[in-house]
Amino acid sequence: MITCQHARHLFDSYLDGELSANLQTELHAHRLNCTACQNELALLEACGDVIAMDRREPQLSMSFTDRVLLAQRGRRMPKRRRWGRSFWLVGSPLAAAASVAFMLSVIAPPTRPQVASRIEVLAPEAREKWLAVAGREATVEEEQGWKKGHEMPAEIYDLTLAKFLNQSKSAVEGTCETAASLKSFMGAVLANTNDMVVAQLRSAQQEKAAATTVQERLNSEIDPLDPSYLSQPPAAPDFPNESEWAGPVEAL
Amino acid sequence: MFFRQAESEGSRLSRRTEKRLIAQARDGNEEAARLLVEAHKDRLFAFVWRILRDHHESEEICQEAFLRAFSSLESFSAEYRFSTWLFTIAYRLCLNHIRRRKSLTGDVDFSEMPSEEEDACERLAESEEARRLKDRIWEAVDQLSVQQRAAVILFYREGQSCEAIAQTLGIPMATAKSHLHRARGRLRESLAGVFSDPSQVEALREAAS
């Protein structure tokens with residue numbers, strides 16, 4: 001028969017399920033005769049039962065599995081963060097410039113000549129040229145055919161084309177003027193922004209300098225708890241000048 | 001001998017099914033991943049919640065554990081059970097979380113207990129005395145160290161052997177055993193005064209089973 005001390009040493013092996021059959025028999029025999037060991041073992045077994053079977057934990061959310069799979073799907077996707085960041089870095093100023101240009105075009109729409117989509121008006125020289133070449137004036141039908149382009153004689157086609165090119169040239173020039181005005185406007189905006197940033201920077205520097213001065217002054221002040229302060233002689237009190245205190249003293 | 005609850009759980013996947021699902025999930029099969037989550041989520045959550053005692057944090061940890069497991073399925077060795085691997089990841093996440101919580105609050109707060117309304121129906125079915133004694137046991141479990149608590153829950157709730165506990169917690173088997181034995185010792189000390197009457201223990205065991 002084993003003792004209580006020996007039996008207690010066997011409790012853990014028994015509960016781990018690692019006790020040999022012989023020792024198990026010994027332990028059971030001791031347990032039947034010893035109330036203290038019986039209670040102690042029963043308490044440990046009760047703890048195990050409660051931990052194993054008392055399911056009073058809260059329940060997981062119903063959507064848990066879906067959330068996990070959704071997050072998993074998100075992590076599987078190729079990373080675009082770097083591109084996204086560079087997009088914002090580059091895109092923001094571009095977007096700002098585009099919005100300014102849009103506002104500008106709305107407030108002051110550029111005056112540009114309309115470009116003829118096709119040759120509709122004959123050059124005045126074309127009629128004279130035709131008179132010289134054909135010896136007669138062109139009929140209305142002929143002019144309409146020329147306007148369509150495909151029936152136009154080569155001699156007057158050059159003149160009409162030159163007129164069209166002139167129109168296009170003036171249109172391009174107008175666009176260039178608008179672009180130049182937009183460029184100067186944007187330059188002014190950027191210069192203004194730059195001035196603002198520089199001014200803010202200066203202001204921040206001044207504030208920092210002021211704060212540094214205050215900090216230096218605070219640092220130069222003596223800590224009242226610093227013992228070295230006690231060894232310093234007290235400062236002399238301020239007395240008024242002799243001329244101020246030597247004069248007559250008003251009594252009451 | 002203790003009745004090992006987890007071993008009789010019907011929701012567990014067979015080894016072969018688990019291997020097949022892991023292979024499919026590795027190839028990006030979402031349905032396989034869903035089945036793996038469904039099969040393990042409740043047990044994992046119970047384990048994590050018993051360690052952290054916070055519903056929201058426990059869900060976060062469980063989600064992260066699944067995501068980490070899925071993202072590194074390539075390195076998963078088929079000689080282990082998926083659940084062991086999952087519990088290992090979750091346990092390490094818990095440890096990190098507790099360290100962060102400690103650094104923020106200075107201590108771990110285990111005072112949050114399930115509210116009275118949570119399981120009112122279940123509680124009404126039990127005797128008041130049995131419920132009180134169960135709560136005392138869980139309070140004693142909460143007083144254990146994180147490692148001891150994890151070892152106790154894995155042993156009793158998950159039915160893991162000392163070897164599997166050592167694997168899950170990433171510690172030598174002797175240390176795992178030591179955690180388990182010390183945990184029992186502390187439970188015995190904490191509860192010695194509570195269960196003065198042997199009939200209480202018997203009543204509790206009957207209520208538990």
# chains A, B, ... in the order shown; residues from 1 in each chain; ligands from 1
>>> closest_atom_pairs(of="chain A", to="chain B", cutoff="10 Å", atoms="only C-alpha atoms", output="CSV")
residue,atom,partner,partner_atom,distance
A:Phe11,CA,B:His181,CA,9.3
A:Asp12,CA,B:His181,CA,6.2
A:Ser13,CA,B:His181,CA,9.1
A:Tyr14,CA,B:Met1,CA,7.9
A:Leu15,CA,B:Met1,CA,6.7
A:Asp16,CA,B:Cys162,CA,8.0
A:Gly17,CA,B:Met1,CA,7.3
A:Thr35,CA,B:Pro198,CA,9.0
A:Ala36,CA,B:Pro198,CA,9.5
A:Gln38,CA,B:Pro198,CA,8.7
A:Asn39,CA,B:Pro198,CA,5.9
A:Glu40,CA,B:Arg188,CA,7.5
A:Leu41,CA,B:Arg188,CA,9.3
A:Ala42,CA,B:Val201,CA,6.6
A:Leu43,CA,B:Val201,CA,6.1
A:Leu44,CA,B:Arg188,CA,6.8
A:Glu45,CA,B:Phe2,CA,6.8
A:Ala46,CA,B:Arg205,CA,5.3
A:Cys47,CA,B:Ile137,CA,6.4
A:Gly48,CA,B:Tyr156,CA,5.9
A:Asp49,CA,B:Ala208,CA,6.1
A:Val50,CA,B:Ala208,CA,5.7
A:Ile51,CA,B:Arg157,CA,6.2
A:Ala52,CA,B:Arg157,CA,4.2
A:Met53,CA,B:Ala208,CA,6.3
A:Asp54,CA,B:Ala208,CA,6.6
A:Arg55,CA,B:Ala46,CA,8.3
A:Arg56,CA,B:Asp119,CA,7.0
A:Glu57,CA,B:Ala46,CA,6.2
A:Pro58,CA,B:His55,CA,7.2
A:Gln59,CA,B:Asp42,CA,7.7
A:Leu60,CA,B:Asp42,CA,7.0
A:Ser61,CA,B:Glu59,CA,8.2
A:Phe64,CA,B:Gln63,CA,7.8
A:Thr65,CA,B:Val37,CA,6.3
A:Asp66,CA,B:Arg34,CA,8.1
A:Arg67,CA,B:Gln63,CA,8.0
A:Val68,CA,B:Gln63,CA,5.8
A:Leu69,CA,B:Arg34,CA,7.1
A:Leu70,CA,B:Glu30,CA,9.9
A:Ala71,CA,B:Leu67,CA,7.6
A:Gln72,CA,B:Leu67,CA,6.1
A:Arg73,CA,B:Glu30,CA,8.7
A:Arg75,CA,B:Ser71,CA,8.4
A:Arg76,CA,B:Ser71,CA,8.3
>>> closest_residue(among="B:Ala130, B:Ala151, B:Glu79, B:Ile61", to="His97 (chain B)", atoms="only C-alpha atoms")
B:Ile61
>>> residues_around(residues="Arg15 (chain B)", least_positions_apart="5", cutoff="12 Å", atoms="only C-alpha atoms", output="CSV table (one decimal) with C-alpha atoms, in the first residue's frame")
chain,number,residue,atom,x,y,z
B,20,ARG,CA,-7.1,17.3,-49.5
B,21,LEU,CA,-8.6,20.6,-48.3
B,22,ILE,CA,-5.2,22.0,-47.5
B,78,ALA,CA,1.7,17.4,-43.7
B,79,GLU,CA,3.2,15.5,-40.8
B,80,TYR,CA,1.4,18.0,-38.4
B,81,ARG,CA,-2.3,18.5,-37.9
B,82,PHE,CA,-3.6,21.7,-39.4
B,83,SER,CA,-5.3,22.5,-36.0
